[in-house]
Amino acid sequence: MIGYKKRIHLMNPMLPGLQGDKMSASDPNSKIDLLDTSKAVATKVGKAFCPENEVEGNGVLSFVKFVLFPASDQRLGSPEFVIQRPEKFGGNTVYNDYETLEQDFVAGNVHPGDLKSSVAAALNQLLEPIRQHFETPEMQQLILEAYPPPVAAPKVVKQKKKHNKRPEDGNVDGAASEQTVEEKLAETHL
């Protein structure tokens with residue numbers, strides 16, 4: 001051994017994005033970044049495409065199946081996902097396999113709001129140690145160098161065009177000449 005800590009590697013298929021399409025690096029709301037704040041994770045998951053009783057294209061369920069169940073299996077020794085909800089709505093439900101969760105979701109026993117809030121909580125629990133690791137000044141500098149903030153493009157000020165106006169007296173920029181209406185009329189009746 002060379003002295004490195006053991007790492008967990010999760011290999012999974014391409015997940016649908018949180019917006020219902022494929023996950024895209026160019027759409028920050030379609031994915032969860034490892035260093036997203038807990039508030040950002042909750043917001044992104046809360047706005048995610050998760051229609052009631054539908055599995056197809058449901059990025060929230062995909063996160064449970066391909067990220068949260070395998071990660072909990074590695075951490076706890078067995079897969080586990082908890083739907084957290086108040087007692088008046090059935091209380092917490094512990095799932096030890098994805099198939100049972102999917103069946104309950106399709107049957108309407110798991111509401112999309114409960115699924116989303118539970119996924120956000122589980123993702124934040126999973127990401128918190130990573131966030132803490134990257135809080136050091138050295139890691140902050142590394143992030144800044146690896147992902148520099150975007151440079152704002154200079155604003156281009158467009159000149160307003162004067163539509164439907166004919167340049168007068170050879171004046172090609174469309175500016176009005178200093179000649180009065182009477183002078184112009186006098187020129188035409190010579």
# chains A, B, ... in the order shown; residues from 1 in each chain; ligands from 1
$ residues_around --residues "Asn109 of chain A" --least-positions-apart "4" --cutoff "12 Å" --atoms "only C-alpha atoms" --output "PyMOL selection string"
chain A and resi 52-53+83+85+89-93+100-105+113-115
$ closest_residue --among "A:Ser117, A:Ser72, A:Gln125, A:Gln159" --to "Ala48 of chain A" --atoms "only C-alpha atoms"
A:Ser117
$ residues_around --residues "Gln19 of chain A" --least-positions-apart "3" --cutoff "10 Å" --atoms "only C-alpha atoms" --output "VMD selection string"
chain A and resid 16 22 to 24 27 29 to 31 44 to 45 47 to 50 57 to 60
$ atom_distance --atom1 "atom CA of Pro112 of chain A" --atom2 "atom CA of Pro79 of chain A"
21.0 Å
$ residues_around --residues "Phe81 of chain A" --least-positions-apart "2" --cutoff "10 Å" --atoms "only C-alpha atoms" --output "short mmCIF file (atom, residue, chain, number, x, y, z; two decimals) with C-alpha atoms, in the first residue's frame"
data_model
loop_
_atom_site.label_atom_id
_atom_site.label_comp_id
_atom_site.auth_asym_id
_atom_site.auth_seq_id
_atom_site.Cartn_x
_atom_site.Cartn_y
_atom_site.Cartn_z
CA VAL A 64 -31.85 7.14 -5.05
CA LYS A 65 -31.25 4.07 -7.21
CA LEU A 68 -27.96 6.89 -2.44
CA PHE A 69 -28.60 3.13 -2.18
CA SER A 72 -25.45 3.69 1.98
CA ASP A 73 -24.50 0.09 1.21
CA PRO A 79 -28.60 -0.41 1.37
CA ILE A 83 -38.58 8.62 3.39
CA GLN A 84 -38.94 11.24 6.10
CA THR A 93 -40.52 4.63 6.03
CA VAL A 94 -37.23 2.77 5.68
CA TYR A 95 -36.50 1.12 2.34
CA ASN A 96 -33.79 -1.50 1.98
CA ASP A 97 -34.12 -1.93 -1.77
CA TYR A 98 -34.95 0.35 -4.67
CA LEU A 101 -39.49 2.24 -3.10
CA SER A 118 -35.80 12.94 1.73
CA VAL A 119 -33.42 12.81 -1.25
CA ALA A 122 -29.73 12.15 2.19
#
$ closest_residue --among "A:Leu76, A:Leu15, A:Ala107, A:Leu123" --to "Lys39 of chain A" --atoms "only C-alpha atoms"
A:Leu123
$ select_by_dssp --residues "segment 1-111 of chain A" --states "alpha helix (DSSP H)" --output "number ranges by chain"
A: 38-46, 59-63, 69-76, 98-107
$ write_last_selection --atoms "C-alpha atoms" --output "mmCIF file, in the first residue's frame"
data_model
loop_
_atom_site.group_PDB
_atom_site.id
_atom_site.type_symbol
_atom_site.label_atom_id
_atom_site.label_comp_id
_atom_site.auth_asym_id
_atom_site.auth_seq_id
_atom_site.Cartn_x
_atom_site.Cartn_y
_atom_site.Cartn_z
ATOM 1 C CA SER A 38 -26.982 22.292 1.394
ATOM 2 C CA LYS A 39 -29.404 25.055 0.441
ATOM 3 C CA ALA A 40 -28.516 24.687 -3.271
ATOM 4 C CA VAL A 41 -29.053 20.925 -3.078
ATOM 5 C CA ALA A 42 -32.451 21.393 -1.411
ATOM 6 C CA THR A 43 -33.452 24.018 -3.996
ATOM 7 C CA LYS A 44 -32.341 21.958 -7.001
ATOM 8 C CA VAL A 45 -34.014 18.777 -5.764
ATOM 9 C CA GLY A 46 -37.108 20.731 -4.720
ATOM 10 C CA GLY A 59 -33.981 12.119 -11.979
ATOM 11 C CA VAL A 60 -34.913 12.133 -8.284
ATOM 12 C CA LEU A 61 -35.613 8.392 -8.286
ATOM 13 C CA SER A 62 -32.441 7.821 -10.323
ATOM 14 C CA PHE A 63 -30.381 9.528 -7.613
ATOM 15 C CA PHE A 69 -28.604 3.129 -2.182
ATOM 16 C CA PRO A 70 -25.054 2.170 -3.301
ATOM 17 C CA ALA A 71 -23.473 4.831 -1.063
ATOM 18 C CA SER A 72 -25.453 3.694 1.980
ATOM 19 C CA ASP A 73 -24.501 0.087 1.214
ATOM 20 C CA GLN A 74 -20.829 1.124 1.304
ATOM 21 C CA ARG A 75 -21.224 3.259 4.438
ATOM 22 C CA LEU A 76 -23.610 1.111 6.476
ATOM 23 C CA TYR A 98 -34.948 0.352 -4.666
ATOM 24 C CA GLU A 99 -37.646 -1.880 -6.180
ATOM 25 C CA THR A 100 -39.927 -1.548 -3.126
ATOM 26 C CA LEU A 101 -39.487 2.237 -3.105
ATOM 27 C CA GLU A 102 -40.313 2.410 -6.819
ATOM 28 C CA GLN A 103 -43.427 0.240 -6.347
ATOM 29 C CA ASP A 104 -44.635 2.476 -3.489
ATOM 30 C CA PHE A 105 -43.963 5.605 -5.559
ATOM 31 C CA VAL A 106 -45.900 4.276 -8.567
ATOM 32 C CA ALA A 107 -48.768 3.168 -6.261
#
$ select_by_dssp --residues "segment 31-171 of chain A" --states "strand (DSSP E or B)" --output "list of chain:residue names"
A:Phe81, A:Val82, A:Ile83, A:Thr93, A:Val94, A:Tyr95
$ write_last_selection --atoms "N, CA and C atoms" --output "short mmCIF file (atom, residue, chain, number, x, y, z; two decimals), in the first residue's frame"
data_model
loop_
_atom_site.label_atom_id
_atom_site.label_comp_id
_atom_site.auth_asym_id
_atom_site.auth_seq_id
_atom_site.Cartn_x
_atom_site.Cartn_y
_atom_site.Cartn_z
N PHE A 81 -32.60 3.63 2.50
CA PHE A 81 -33.06 4.98 2.19
C PHE A 81 -34.32 5.22 3.01
N VAL A 82 -34.38 6.39 3.65
CA VAL A 82 -35.51 6.70 4.53
C VAL A 82 -36.34 7.84 3.93
N ILE A 83 -37.64 7.56 3.75
CA ILE A 83 -38.58 8.62 3.39
C ILE A 83 -38.99 9.25 4.71
N THR A 93 -40.52 5.98 6.59
CA THR A 93 -40.52 4.63 6.03
C THR A 93 -39.10 4.32 5.59
N VAL A 94 -38.58 3.19 6.04
CA VAL A 94 -37.23 2.77 5.68
C VAL A 94 -37.32 1.76 4.54
N TYR A 95 -36.56 2.03 3.49
CA TYR A 95 -36.50 1.12 2.34
C TYR A 95 -35.11 0.51 2.29
#
$ atom_distance --atom1 "atom CA of Lys6 of chain A" --atom2 "atom CA of Gly77 of chain A"
15.6 Å
$ atom_distance --atom1 "atom CA of Leu127 of chain A" --atom2 "atom CA of Leu35 of chain A"
7.4 Å
